[in-house]
$ cat coords-v4.cif   # mmCIF, N, CA and C atoms
data_entry
#
loop_
_atom_site.label_atom_id
_atom_site.label_comp_id
_atom_site.auth_asym_id
_atom_site.auth_seq_id
_atom_site.Cartn_x
_atom_site.Cartn_y
_atom_site.Cartn_z
N MET A 1 -24.58 7.80 10.19
CA MET A 1 -23.21 8.26 10.24
C MET A 1 -23.17 9.73 9.82
N LYS A 2 -22.41 10.50 10.54
CA LYS A 2 -22.28 11.92 10.23
C LYS A 2 -21.25 12.09 9.12
N SER A 3 -21.54 13.01 8.18
CA SER A 3 -20.67 13.19 7.03
C SER A 3 -19.28 13.71 7.43
N GLY A 4 -19.20 14.50 8.49
CA GLY A 4 -17.89 14.97 8.97
C GLY A 4 -17.01 13.82 9.40
N ASN A 5 -17.61 12.82 10.05
CA ASN A 5 -16.85 11.64 10.46
C ASN A 5 -16.33 10.88 9.25
N LEU A 6 -17.13 10.84 8.19
CA LEU A 6 -16.72 10.17 6.96
C LEU A 6 -15.48 10.85 6.37
N VAL A 7 -15.48 12.17 6.36
CA VAL A 7 -14.33 12.92 5.83
C VAL A 7 -13.09 12.64 6.68
N ILE A 8 -13.24 12.67 8.00
CA ILE A 8 -12.12 12.41 8.90
C ILE A 8 -11.61 10.98 8.70
N ARG A 9 -12.51 10.02 8.65
CA ARG A 9 -12.11 8.62 8.45
C ARG A 9 -11.39 8.44 7.12
N PHE A 10 -11.89 9.07 6.08
CA PHE A 10 -11.26 8.96 4.76
C PHE A 10 -9.83 9.49 4.81
N GLY A 11 -9.64 10.67 5.37
CA GLY A 11 -8.30 11.27 5.43
C GLY A 11 -7.34 10.44 6.28
N LEU A 12 -7.79 10.04 7.47
CA LEU A 12 -6.91 9.26 8.34
C LEU A 12 -6.66 7.87 7.77
N GLY A 13 -7.69 7.26 7.22
CA GLY A 13 -7.52 5.94 6.63
C GLY A 13 -6.49 5.94 5.52
N LEU A 14 -6.59 6.91 4.61
CA LEU A 14 -5.62 7.00 3.52
C LEU A 14 -4.21 7.25 4.05
N LEU A 15 -4.10 8.11 5.06
CA LEU A 15 -2.79 8.42 5.64
C LEU A 15 -2.11 7.16 6.13
N PHE A 16 -2.85 6.32 6.84
CA PHE A 16 -2.23 5.13 7.43
C PHE A 16 -2.11 3.97 6.45
N VAL A 17 -2.97 3.88 5.46
CA VAL A 17 -2.75 2.90 4.39
C VAL A 17 -1.45 3.26 3.68
N TRP A 18 -1.29 4.52 3.34
CA TRP A 18 -0.06 5.00 2.70
C TRP A 18 1.14 4.69 3.60
N GLY A 19 1.01 5.00 4.90
CA GLY A 19 2.11 4.76 5.83
C GLY A 19 2.51 3.30 5.90
N GLY A 20 1.52 2.41 5.87
CA GLY A 20 1.82 0.99 5.88
C GLY A 20 2.50 0.53 4.60
N VAL A 21 1.96 0.97 3.47
CA VAL A 21 2.52 0.57 2.17
C VAL A 21 3.94 1.10 2.00
N GLU A 22 4.18 2.35 2.40
CA GLU A 22 5.50 2.93 2.19
C GLU A 22 6.57 2.27 3.06
N LYS A 23 6.15 1.60 4.12
CA LYS A 23 7.13 0.87 4.93
C LYS A 23 7.50 -0.46 4.27
N PHE A 24 6.66 -0.95 3.39
CA PHE A 24 6.96 -2.18 2.67
C PHE A 24 7.79 -1.95 1.41
N ILE A 25 7.55 -0.83 0.72
CA ILE A 25 8.14 -0.62 -0.61
C ILE A 25 9.04 0.62 -0.60
N GLU A 26 10.34 0.39 -0.54
CA GLU A 26 11.28 1.50 -0.52
C GLU A 26 11.15 2.34 -1.78
N GLY A 27 11.04 3.66 -1.60
CA GLY A 27 10.95 4.59 -2.71
C GLY A 27 9.54 4.85 -3.21
N PHE A 28 8.60 3.96 -2.95
CA PHE A 28 7.22 4.15 -3.41
C PHE A 28 6.56 5.21 -2.55
N LEU A 29 6.19 6.32 -3.17
CA LEU A 29 5.57 7.45 -2.46
C LEU A 29 6.39 7.87 -1.25
N GLY A 30 7.70 7.88 -1.42
CA GLY A 30 8.60 8.29 -0.34
C GLY A 30 8.89 7.20 0.66
N GLY A 31 8.60 5.96 0.30
CA GLY A 31 8.70 4.84 1.23
C GLY A 31 10.10 4.56 1.73
N VAL A 32 10.17 4.14 2.98
CA VAL A 32 11.45 3.83 3.61
C VAL A 32 11.86 2.38 3.37
N GLY A 33 10.90 1.49 3.19
CA GLY A 33 11.19 0.08 2.97
C GLY A 33 11.45 -0.67 4.25
N LEU A 34 11.29 -1.98 4.20
CA LEU A 34 11.42 -2.81 5.40
C LEU A 34 12.83 -2.85 5.97
N GLN A 35 13.85 -2.88 5.11
CA GLN A 35 15.21 -2.94 5.64
C GLN A 35 15.55 -1.67 6.41
N ASN A 36 15.18 -0.51 5.89
CA ASN A 36 15.43 0.74 6.62
C ASN A 36 14.62 0.79 7.91
N MET A 37 13.40 0.25 7.87
CA MET A 37 12.57 0.18 9.08
C MET A 37 13.26 -0.71 10.12
N ALA A 38 13.78 -1.85 9.68
CA ALA A 38 14.47 -2.77 10.59
C ALA A 38 15.72 -2.10 11.17
N ASP A 39 16.46 -1.40 10.32
CA ASP A 39 17.67 -0.70 10.80
C ASP A 39 17.31 0.36 11.83
N PHE A 40 16.19 1.08 11.60
CA PHE A 40 15.75 2.08 12.57
C PHE A 40 15.38 1.41 13.90
N LEU A 41 14.66 0.30 13.83
CA LEU A 41 14.27 -0.40 15.06
C LEU A 41 15.50 -0.87 15.84
N LYS A 42 16.51 -1.35 15.12
CA LYS A 42 17.76 -1.77 15.78
C LYS A 42 18.40 -0.58 16.49
N ALA A 43 18.46 0.55 15.79
CA ALA A 43 19.09 1.74 16.35
C ALA A 43 18.28 2.34 17.50
N SER A 44 17.01 1.98 17.60
CA SER A 44 16.13 2.50 18.64
C SER A 44 16.15 1.65 19.90
N GLY A 45 17.09 0.72 19.99
CA GLY A 45 17.22 -0.07 21.21
C GLY A 45 16.70 -1.49 21.09
N LEU A 46 16.34 -1.91 19.88
CA LEU A 46 15.81 -3.27 19.71
C LEU A 46 16.82 -4.20 19.02
N ALA A 47 18.11 -3.84 19.08
CA ALA A 47 19.13 -4.65 18.43
C ALA A 47 19.19 -6.07 19.00
N PHE A 48 18.74 -6.24 20.25
CA PHE A 48 18.76 -7.57 20.87
C PHE A 48 17.86 -8.56 20.12
N LEU A 49 16.95 -8.06 19.28
CA LEU A 49 16.10 -8.94 18.48
C LEU A 49 16.85 -9.54 17.30
N GLY A 50 18.01 -8.98 16.98
CA GLY A 50 18.78 -9.46 15.84
C GLY A 50 18.22 -8.94 14.53
N ASP A 51 18.91 -9.24 13.45
CA ASP A 51 18.50 -8.77 12.13
C ASP A 51 17.14 -9.34 11.73
N THR A 52 16.96 -10.62 11.92
CA THR A 52 15.69 -11.26 11.54
C THR A 52 14.54 -10.74 12.39
N GLY A 53 14.78 -10.58 13.68
CA GLY A 53 13.74 -10.11 14.59
C GLY A 53 13.27 -8.69 14.30
N THR A 54 14.23 -7.80 14.05
CA THR A 54 13.83 -6.42 13.76
C THR A 54 13.16 -6.32 12.40
N TYR A 55 13.61 -7.14 11.46
CA TYR A 55 12.97 -7.16 10.13
C TYR A 55 11.52 -7.66 10.27
N ALA A 56 11.34 -8.73 11.02
CA ALA A 56 9.99 -9.28 11.23
C ALA A 56 9.11 -8.28 11.97
N LEU A 57 9.66 -7.63 12.99
CA LEU A 57 8.88 -6.63 13.73
C LEU A 57 8.49 -5.47 12.82
N GLY A 58 9.40 -5.03 11.97
CA GLY A 58 9.09 -3.97 11.02
C GLY A 58 7.96 -4.37 10.09
N ALA A 59 8.01 -5.61 9.61
CA ALA A 59 6.95 -6.11 8.72
C ALA A 59 5.61 -6.20 9.45
N ILE A 60 5.64 -6.64 10.69
CA ILE A 60 4.40 -6.74 11.47
C ILE A 60 3.81 -5.35 11.71
N LEU A 61 4.67 -4.41 12.10
CA LEU A 61 4.19 -3.04 12.35
C LEU A 61 3.63 -2.40 11.09
N ALA A 62 4.31 -2.59 9.96
CA ALA A 62 3.83 -2.04 8.68
C ALA A 62 2.48 -2.66 8.32
N ALA A 63 2.37 -3.99 8.48
CA ALA A 63 1.11 -4.67 8.16
C ALA A 63 -0.02 -4.20 9.06
N LEU A 64 0.26 -4.04 10.35
CA LEU A 64 -0.78 -3.58 11.28
C LEU A 64 -1.21 -2.15 10.98
N GLU A 65 -0.27 -1.30 10.60
CA GLU A 65 -0.61 0.07 10.23
C GLU A 65 -1.49 0.08 8.98
N LEU A 66 -1.13 -0.73 8.01
CA LEU A 66 -1.91 -0.85 6.78
C LEU A 66 -3.31 -1.39 7.09
N ILE A 67 -3.40 -2.44 7.88
CA ILE A 67 -4.69 -3.04 8.23
C ILE A 67 -5.55 -2.05 9.01
N ALA A 68 -4.95 -1.35 9.98
CA ALA A 68 -5.71 -0.37 10.76
C ALA A 68 -6.24 0.74 9.86
N GLY A 69 -5.44 1.18 8.89
CA GLY A 69 -5.91 2.19 7.94
C GLY A 69 -7.09 1.70 7.12
N VAL A 70 -7.02 0.45 6.69
CA VAL A 70 -8.14 -0.14 5.93
C VAL A 70 -9.38 -0.24 6.81
N LEU A 71 -9.21 -0.66 8.06
CA LEU A 71 -10.35 -0.75 8.98
C LEU A 71 -11.01 0.62 9.18
N VAL A 72 -10.21 1.66 9.29
CA VAL A 72 -10.76 3.01 9.43
C VAL A 72 -11.55 3.38 8.18
N LEU A 73 -10.98 3.09 7.02
CA LEU A 73 -11.70 3.40 5.77
C LEU A 73 -13.02 2.65 5.67
N LEU A 74 -13.03 1.41 6.14
CA LEU A 74 -14.23 0.57 6.04
C LEU A 74 -15.19 0.75 7.22
N ASN A 75 -14.78 1.58 8.20
CA ASN A 75 -15.59 1.81 9.40
C ASN A 75 -15.85 0.51 10.16
N LYS A 76 -14.82 -0.30 10.29
CA LYS A 76 -14.89 -1.58 11.00
C LYS A 76 -13.88 -1.59 12.13
N LYS A 77 -14.29 -2.10 13.29
CA LYS A 77 -13.38 -2.23 14.44
C LYS A 77 -12.62 -0.93 14.70
N THR A 78 -13.32 0.19 14.58
CA THR A 78 -12.65 1.49 14.63
C THR A 78 -12.06 1.81 16.00
N PHE A 79 -12.68 1.35 17.08
CA PHE A 79 -12.08 1.61 18.40
C PHE A 79 -10.67 1.04 18.45
N TYR A 80 -10.51 -0.19 18.01
CA TYR A 80 -9.21 -0.84 18.04
C TYR A 80 -8.24 -0.19 17.06
N ALA A 81 -8.73 0.16 15.88
CA ALA A 81 -7.88 0.79 14.87
C ALA A 81 -7.39 2.16 15.37
N TYR A 82 -8.30 2.98 15.87
CA TYR A 82 -7.91 4.31 16.36
C TYR A 82 -6.94 4.20 17.53
N THR A 83 -7.20 3.28 18.44
CA THR A 83 -6.34 3.12 19.61
C THR A 83 -4.94 2.68 19.19
N PHE A 84 -4.86 1.70 18.29
CA PHE A 84 -3.56 1.24 17.81
C PHE A 84 -2.82 2.36 17.10
N LEU A 85 -3.51 3.09 16.24
CA LEU A 85 -2.86 4.15 15.48
C LEU A 85 -2.42 5.30 16.39
N ALA A 86 -3.18 5.60 17.45
CA ALA A 86 -2.74 6.61 18.41
C ALA A 86 -1.45 6.16 19.09
N PHE A 87 -1.37 4.87 19.44
CA PHE A 87 -0.17 4.33 20.04
C PHE A 87 1.02 4.43 19.07
N VAL A 88 0.79 4.12 17.80
CA VAL A 88 1.85 4.24 16.79
C VAL A 88 2.34 5.68 16.71
N MET A 89 1.43 6.65 16.76
CA MET A 89 1.83 8.05 16.69
C MET A 89 2.59 8.49 17.94
N ILE A 90 2.22 7.95 19.10
CA ILE A 90 2.97 8.25 20.33
C ILE A 90 4.39 7.73 20.20
N MET A 91 4.53 6.51 19.69
CA MET A 91 5.87 5.94 19.50
C MET A 91 6.67 6.74 18.48
N ALA A 92 6.01 7.20 17.42
CA ALA A 92 6.71 8.02 16.42
C ALA A 92 7.19 9.33 17.06
N LEU A 93 6.37 9.90 17.92
CA LEU A 93 6.78 11.12 18.63
C LEU A 93 8.01 10.86 19.49
N VAL A 94 7.94 9.81 20.31
CA VAL A 94 9.00 9.53 21.28
C VAL A 94 10.30 9.10 20.60
N LEU A 95 10.19 8.26 19.58
CA LEU A 95 11.38 7.68 18.97
C LEU A 95 11.97 8.52 17.84
N VAL A 96 11.13 9.30 17.16
CA VAL A 96 11.61 9.99 15.96
C VAL A 96 11.52 11.51 16.08
N HIS A 97 10.33 12.02 16.29
CA HIS A 97 10.10 13.45 16.09
C HIS A 97 10.56 14.32 17.25
N ILE A 98 10.35 13.92 18.48
CA ILE A 98 10.86 14.73 19.60
C ILE A 98 12.39 14.76 19.59
N PRO A 99 13.06 13.58 19.43
CA PRO A 99 14.53 13.64 19.37
C PRO A 99 15.07 14.47 18.19
N SER A 100 14.31 14.52 17.08
CA SER A 100 14.79 15.29 15.93
C SER A 100 14.69 16.79 16.17
N GLY A 101 13.79 17.20 17.06
CA GLY A 101 13.61 18.63 17.33
C GLY A 101 12.84 19.35 16.24
N ASN A 102 12.28 18.62 15.29
CA ASN A 102 11.51 19.24 14.21
C ASN A 102 10.11 19.56 14.74
N TRP A 103 9.91 20.81 15.13
CA TRP A 103 8.68 21.21 15.80
C TRP A 103 7.44 21.05 14.93
N MET A 104 7.57 21.20 13.63
CA MET A 104 6.41 21.02 12.76
C MET A 104 5.94 19.56 12.80
N ASN A 105 6.87 18.63 12.69
CA ASN A 105 6.50 17.21 12.78
C ASN A 105 5.97 16.85 14.16
N ILE A 106 6.54 17.45 15.19
CA ILE A 106 6.04 17.20 16.55
C ILE A 106 4.60 17.66 16.66
N MET A 107 4.30 18.85 16.18
CA MET A 107 2.93 19.37 16.27
C MET A 107 1.95 18.54 15.44
N ILE A 108 2.36 18.12 14.25
CA ILE A 108 1.49 17.29 13.41
C ILE A 108 1.19 15.98 14.13
N HIS A 109 2.18 15.36 14.71
CA HIS A 109 1.97 14.08 15.39
C HIS A 109 1.17 14.25 16.69
N LEU A 110 1.35 15.37 17.38
CA LEU A 110 0.50 15.64 18.55
C LEU A 110 -0.96 15.78 18.12
N ALA A 111 -1.19 16.46 16.99
CA ALA A 111 -2.56 16.60 16.48
C ALA A 111 -3.13 15.23 16.11
N LEU A 112 -2.32 14.38 15.52
CA LEU A 112 -2.79 13.04 15.17
C LEU A 112 -3.10 12.20 16.41
N VAL A 113 -2.22 12.27 17.42
CA VAL A 113 -2.45 11.51 18.66
C VAL A 113 -3.76 11.95 19.31
N THR A 114 -3.96 13.25 19.43
CA THR A 114 -5.17 13.73 20.10
C THR A 114 -6.41 13.44 19.27
N THR A 115 -6.32 13.56 17.96
CA THR A 115 -7.47 13.26 17.09
C THR A 115 -7.82 11.78 17.18
N LEU A 116 -6.83 10.92 17.02
CA LEU A 116 -7.09 9.48 17.09
C LEU A 116 -7.56 9.06 18.47
N GLY A 117 -6.97 9.65 19.51
CA GLY A 117 -7.42 9.35 20.87
C GLY A 117 -8.87 9.77 21.10
N GLY A 118 -9.22 10.96 20.62
CA GLY A 118 -10.60 11.43 20.74
C GLY A 118 -11.58 10.56 19.97
N LEU A 119 -11.19 10.14 18.77
CA LEU A 119 -12.06 9.25 17.99
C LEU A 119 -12.22 7.90 18.68
N ALA A 120 -11.14 7.38 19.27
CA ALA A 120 -11.23 6.11 20.01
C ALA A 120 -12.17 6.26 21.20
N MET A 121 -12.09 7.37 21.92
CA MET A 121 -12.99 7.60 23.06
C MET A 121 -14.43 7.68 22.60
N ASN A 122 -14.66 8.35 21.48
CA ASN A 122 -16.04 8.42 20.93
C ASN A 122 -16.56 7.03 20.61
N GLU A 123 -15.72 6.21 20.01
CA GLU A 123 -16.13 4.83 19.67
C GLU A 123 -16.43 4.04 20.94
N TRP A 124 -15.61 4.24 21.97
CA TRP A 124 -15.83 3.55 23.25
C TRP A 124 -17.17 3.97 23.84
N ASP A 125 -17.46 5.26 23.80
CA ASP A 125 -18.71 5.78 24.35
C ASP A 125 -19.93 5.29 23.57
N ASN A 126 -19.77 5.02 22.27
CA ASN A 126 -20.88 4.59 21.43
C ASN A 126 -21.12 3.09 21.46
N ARG A 127 -20.39 2.34 22.28
CA ARG A 127 -20.53 0.88 22.35
C ARG A 127 -21.82 0.49 22.99
#
$ encode --input "coords-v4.cif" --output "structure tokens"
Amino acid sequence: MKSGNLVIRFGLGLLFVWGGVEKFIEGFLGGVGLQNMADFLKASGLAFLGDTGTYALGAILAALELIAGVLVLLNKKTFYAYTFLAFVMIMALVLVHIPSGNWMNIMIHLALVTTLGGLAMNEWDNR
């Protein structure tokens, strides 16, 4: 394993572990919490799922983000973890950051999408 990859995995893994945890615990490290996540999902066009459905979807997404971050840290199933996390970042761009017009957040998320996509391609090539 190359040491540069270890540094990248460590940084990305921590980022997404944090992202998963903060979606579960409102206020913890700036966390939004599950209810706010569910409210956002409802406002994003998923109101047809109802309160329970959007809450459950928020919990599933938070858990998957947390699990994918742990997998990246542990260097396990990284193709799947990177691919899932790239998809999450694309959705964050489309649903949150592009509509907000905050160009700094847009650029950060574009960098994350391309980095995660490139890492996923590398994992695919190394199979």
$ closest_residue --input "coords-v4.cif" --among "A:Glu123, A:Lys23, A:Phe28, A:Ala56" --to "Tyr80 (chain A)" --atoms "only N, CA and C atoms"
A:Glu123
$ residues_around --input "coords-v4.cif" --residues "Leu112 (chain A)" --least-positions-apart "4" --cutoff "7 Å" --atoms "all atoms listed in the file" --output "PyMOL selection string"
chain A and resi 85-86+89+107-108+116-117
$ atom_distance --input "coords-v4.cif" --atom1 "atom C of Ser44 (chain A)" --atom2 "atom C of Leu61 (chain A)"
15.8 Å
$ resolve_selection --input "coords-v4.cif" --expression "the PyMOL selection byres ((chain A and resi 19) around 8)" --output "compact mmCIF listing (two decimals) with N, CA and C atoms, in the coordinates of the input"
# COMPACT_ATOMS: atom_id res chain seq x y z
N GLY A 13 -7.69 7.26 7.22
CA GLY A 13 -7.52 5.94 6.63
C GLY A 13 -6.49 5.94 5.52
N LEU A 14 -6.59 6.91 4.61
CA LEU A 14 -5.62 7.00 3.52
C LEU A 14 -4.21 7.25 4.05
N LEU A 15 -4.10 8.11 5.06
CA LEU A 15 -2.79 8.42 5.64
C LEU A 15 -2.11 7.16 6.13
N PHE A 16 -2.85 6.32 6.84
CA PHE A 16 -2.23 5.13 7.43
C PHE A 16 -2.11 3.97 6.45
N VAL A 17 -2.97 3.88 5.46
CA VAL A 17 -2.75 2.90 4.39
C VAL A 17 -1.45 3.26 3.68
N TRP A 18 -1.29 4.52 3.34
CA TRP A 18 -0.06 5.00 2.70
C TRP A 18 1.14 4.69 3.60
N GLY A 20 1.52 2.41 5.87
CA GLY A 20 1.82 0.99 5.88
C GLY A 20 2.50 0.53 4.60
N VAL A 21 1.96 0.97 3.47
CA VAL A 21 2.52 0.57 2.17
C VAL A 21 3.94 1.10 2.00
N GLU A 22 4.18 2.35 2.40
CA GLU A 22 5.50 2.93 2.19
C GLU A 22 6.57 2.27 3.06
N LYS A 23 6.15 1.60 4.12
CA LYS A 23 7.13 0.87 4.93
C LYS A 23 7.50 -0.46 4.27
N PHE A 24 6.66 -0.95 3.39
CA PHE A 24 6.96 -2.18 2.67
C PHE A 24 7.79 -1.95 1.41
N GLY A 31 8.60 5.96 0.30
CA GLY A 31 8.70 4.84 1.23
C GLY A 31 10.10 4.56 1.73
N LEU A 61 4.67 -4.41 12.10
CA LEU A 61 4.19 -3.04 12.35
C LEU A 61 3.63 -2.40 11.09
N ALA A 62 4.31 -2.59 9.96
CA ALA A 62 3.83 -2.04 8.68
C ALA A 62 2.48 -2.66 8.32
N ALA A 63 2.37 -3.99 8.48
CA ALA A 63 1.11 -4.67 8.16
C ALA A 63 -0.02 -4.20 9.06
N GLU A 65 -0.27 -1.30 10.60
CA GLU A 65 -0.61 0.07 10.23
C GLU A 65 -1.49 0.08 8.98
N LEU A 66 -1.13 -0.73 8.01
CA LEU A 66 -1.91 -0.85 6.78
C LEU A 66 -3.31 -1.39 7.09
$ closest_residue --input "coords-v4.cif" --among "A:Ala47, A:Leu12, A:Ile106, A:Val7" --to "Gly69 (chain A)" --atoms "only C-alpha atoms"
A:Leu12
$ atom_distance --input "coords-v4.cif" --atom1 "CA of Val72 (chain A)" --atom2 "CA of Arg9 (chain A)"
5.9 Å
$ atom_distance --input "coords-v4.cif" --atom1 "CA of Ser100 (chain A)" --atom2 "atom C of Lys42 (chain A)"
16.3 Å
$ closest_residue --input "coords-v4.cif" --among "A:Leu64, A:Met121, A:Ala59, A:Leu41" --to "Phe84 (chain A)" --atoms "only C-alpha atoms"
A:Leu64
$ closest_residue --input "coords-v4.cif" --among "A:Thr52, A:Ile60, A:Pro99, A:Thr115" --to "Tyr82 (chain A)" --atoms "only N, CA and C atoms"
A:Thr115
$ residues_around --input "coords-v4.cif" --residues "Thr54 (chain A)" --least-positions-apart "3" --cutoff "7 Å" --atoms "all atoms listed in the file" --output "VMD selection string"
chain A and resid 37 to 39 41 to 42 46 49 to 51 57 to 59
$ closest_residue --input "coords-v4.cif" --among "A:Val94, A:Ile67, A:Leu74, A:Ala43" --to "His109 (chain A)" --atoms "only C-alpha atoms"
A:Val94
$ closest_residue --input "coords-v4.cif" --among "A:Phe40, A:Phe48, A:Phe87, A:Phe79" --to "Val113 (chain A)" --atoms "only C-alpha atoms"
A:Phe87
$ select_by_dssp --input "coords-v4.cif" --residues "chain A" --states "alpha helix (DSSP H)" --output "number ranges by chain"
A: 3-24, 33-41, 50-74, 78-92, 98-100, 103-125
$ axis_aligned_box --input "coords-v4.cif" --around "region 95-112 of chain A" --padding-each-side "5 Å" --output "lines of an AutoDock Vina configuration file"
center_x = 6.0
center_y = 14.4
center_z = 16.1
size_x = 28.2
size_y = 23.5
size_z = 16.9
